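Structure, as structure tokens:
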Amino acid sequence: MKKISLKFGALLFLFNFWTSSSASDIPRPEETVSEFQHTLTKVLKEKHYEAKLSLLLPSVSKLFAVDTIARISFGTRSWKLLNDNERKVFQTLTTNLIASTYAARFKEFKDQRFEINESISLRKNRHAVKTQLFSGEAAVSLEYHLQNKDSAWQIYDIVANGVSDLNLKRSAYGKTLAEIGFSGLVDDIKKEIKKNSEKSF
């Protein structure tokens, strides 16, 4: 009886160790935000646009829920009408637009720093991480909204000083789609990406 108890205790210990280790292996939403902000700090220290972009493109692909951003910004109903190739085109454009926008805006390092203030569970598989970007005496409030998919937290929206980037895109894209259609929207986004590259000079 004693041997059975010892075996049971050993199995219970191993089970508890395994489950706690597995849970700790799943990245927390704050870690995703921290990793992206660390990339942005490195981007600030790069002088050339192409160098900034080479840091941002893999970071956006890894840390952003590009498929969700593309679908919501395009409009869920309109998204269902696209074929697979059109969806892939739009997702690629979305990745390039996000990366090029940050490459253009984060031009020079002047002791900017990020600070994570609060992490909030929104609903199942959704989380918000509230942060601030300090630049001199100025501070910008940045609230990252993340979703959990395949045991990874990815960013699908950033709310800057109360303004949702995803909502801005959805409103602008909806108007463009109604006026000039899918090809027109694609052309507009390509022009915006080109403008971002020109702003860096």
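We label chains A, B, ... in the order they appear in the structure tokens, count residues from 1 in each chain, and number ligands from 1 in the order shown.
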Got a sec: who's within 8 Å of region 127-143 of chain A, counting only C-alpha atoms, leaving out chain neighbours fewer than 5 positions off, as a VMD selection string? chain A and resid 29 to 30 33 110 to 122 158 to 162
Same residues, N, CA, C and O atoms, output as a compact mmCIF listing (two decimals), in the first residue's frame:
```txt
# COMPACT_ATOMS: atom_id res chain seq x y z
N PRO A 29 0.38 38.04 -23.28
CA PRO A 29 0.15 39.15 -24.22
C PRO A 29 1.15 40.29 -24.03
O PRO A 29 1.56 40.93 -24.99
N GLU A 30 1.56 40.54 -22.77
CA GLU A 30 2.53 41.60 -22.50
C GLU A 30 3.87 41.32 -23.18
O GLU A 30 4.58 42.24 -23.57
N VAL A 33 3.68 42.43 -26.83
CA VAL A 33 3.78 43.89 -26.90
C VAL A 33 5.20 44.35 -26.63
O VAL A 33 5.75 45.20 -27.34
N LYS A 110 15.63 59.53 -29.90
CA LYS A 110 15.87 60.67 -29.01
C LYS A 110 15.45 60.29 -27.58
O LYS A 110 14.66 60.98 -26.94
N ASP A 111 15.99 59.18 -27.15
CA ASP A 111 15.72 58.66 -25.79
C ASP A 111 14.25 58.33 -25.56
O ASP A 111 13.76 58.42 -24.42
N GLN A 112 13.54 57.95 -26.63
CA GLN A 112 12.16 57.51 -26.43
C GLN A 112 12.15 56.20 -25.64
O GLN A 112 13.08 55.39 -25.75
N ARG A 113 11.12 56.02 -24.87
CA ARG A 113 11.01 54.77 -24.10
C ARG A 113 9.54 54.37 -23.97
O ARG A 113 8.65 55.22 -23.97
N PHE A 114 9.33 53.07 -23.87
CA PHE A 114 7.99 52.52 -23.70
C PHE A 114 7.81 52.04 -22.26
O PHE A 114 8.76 51.61 -21.61
N GLU A 115 6.57 52.11 -21.82
CA GLU A 115 6.26 51.62 -20.47
C GLU A 115 4.91 50.90 -20.49
O GLU A 115 3.91 51.46 -20.94
N ILE A 116 4.90 49.66 -20.02
CA ILE A 116 3.64 48.90 -19.94
C ILE A 116 2.99 49.18 -18.59
O ILE A 116 3.61 49.02 -17.54
N ASN A 117 1.74 49.62 -18.62
CA ASN A 117 1.05 50.04 -17.40
C ASN A 117 0.04 49.03 -16.87
O ASN A 117 -0.09 48.85 -15.66
N GLU A 118 -0.69 48.39 -17.78
CA GLU A 118 -1.78 47.53 -17.33
C GLU A 118 -2.11 46.48 -18.39
O GLU A 118 -1.99 46.73 -19.58
N SER A 119 -2.52 45.32 -17.93
CA SER A 119 -2.93 44.24 -18.83
C SER A 119 -4.32 43.77 -18.41
O SER A 119 -4.55 43.43 -17.25
N ILE A 120 -5.26 43.77 -19.37
CA ILE A 120 -6.66 43.50 -19.05
C ILE A 120 -7.23 42.42 -19.96
O ILE A 120 -7.04 42.47 -21.18
N SER A 121 -7.94 41.48 -19.38
CA SER A 121 -8.64 40.47 -20.17
C SER A 121 -9.95 41.06 -20.67
O SER A 121 -10.75 41.57 -19.88
N LEU A 122 -10.18 41.05 -21.98
CA LEU A 122 -11.40 41.63 -22.55
C LEU A 122 -12.52 40.60 -22.61
O LEU A 122 -13.60 40.82 -22.13
N ILE A 158 -4.34 48.75 -32.51
CA ILE A 158 -3.61 49.63 -31.60
C ILE A 158 -4.42 50.92 -31.48
O ILE A 158 -4.73 51.57 -32.49
N VAL A 159 -4.77 51.27 -30.26
CA VAL A 159 -5.55 52.47 -29.99
C VAL A 159 -4.60 53.54 -29.45
O VAL A 159 -4.07 53.42 -28.35
N ALA A 160 -4.36 54.58 -30.25
CA ALA A 160 -3.43 55.65 -29.87
C ALA A 160 -4.22 56.86 -29.39
O ALA A 160 -5.00 57.44 -30.16
N ASN A 161 -4.02 57.21 -28.13
CA ASN A 161 -4.75 58.33 -27.53
C ASN A 161 -6.25 58.24 -27.79
O ASN A 161 -6.92 59.22 -28.13
N GLY A 162 -6.79 57.04 -27.67
CA GLY A 162 -8.23 56.81 -27.79
C GLY A 162 -8.73 56.57 -29.20
O GLY A 162 -9.93 56.34 -29.40
```
Could you list, as an MDAnalysis selection string, every residue within 7 Å of region 60-68 of chain A, counting only C-alpha atoms and ignoring same-chain residues fewer than 3 positions away? chainID A and resid 32 56:57 71:72 91 94:95 99 154:156
Of the candidates A:Thr101, A:Glu35, A:Leu40, A:Ala70, which one gets nearest to Lys88 (chain A) if we count only C-alpha atoms? A:Ala70
Just to confirm, what's the straight-line distance from CA of Gln37 (chain A) to CA of Ala51 (chain A) in Å (one decimal)?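 CA of Gln37 (chain A) sits 16.5 Å away from CA of Ala51 (chain A).
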For CA of Thr176 (chain A) and CA of Ser100 (chain A), the interatomic separation in Å (one decimal):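 CA of Ser100 (chain A) lies 20.6 Å from CA of Thr176 (chain A).
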Assign secondary structure with DSSP using the backbone only, and return the residues of region 39-111 of chain A in alpha helix (DSSP H) as a ChimeraX atom specification. /A:39-45,49-63,66-74,76-79,84-105
Kindly indicate which residue among A:Tyr144, A:Phe106, A:Phe74, A:Phe90 lies nearest to Ala178 (chain A), using only C-alpha atoms for the distances.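 Residue with the minimum atom-to-atom distance to Ala178 (chain A): A:Phe74.
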Chain A: which residues are strand (DSSP E or B) by DSSP, as a PyMOL selection string? chain A and resi 64+113-123+126-135+138-149+152-160+163-164
Point-to-point distance in Å for CA of Asp165 (chain A) and CA of Ala103 (chain A):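 Calculated distance between CA of Ala103 (chain A) and CA of Asp165 (chain A) is 16.4 Å.
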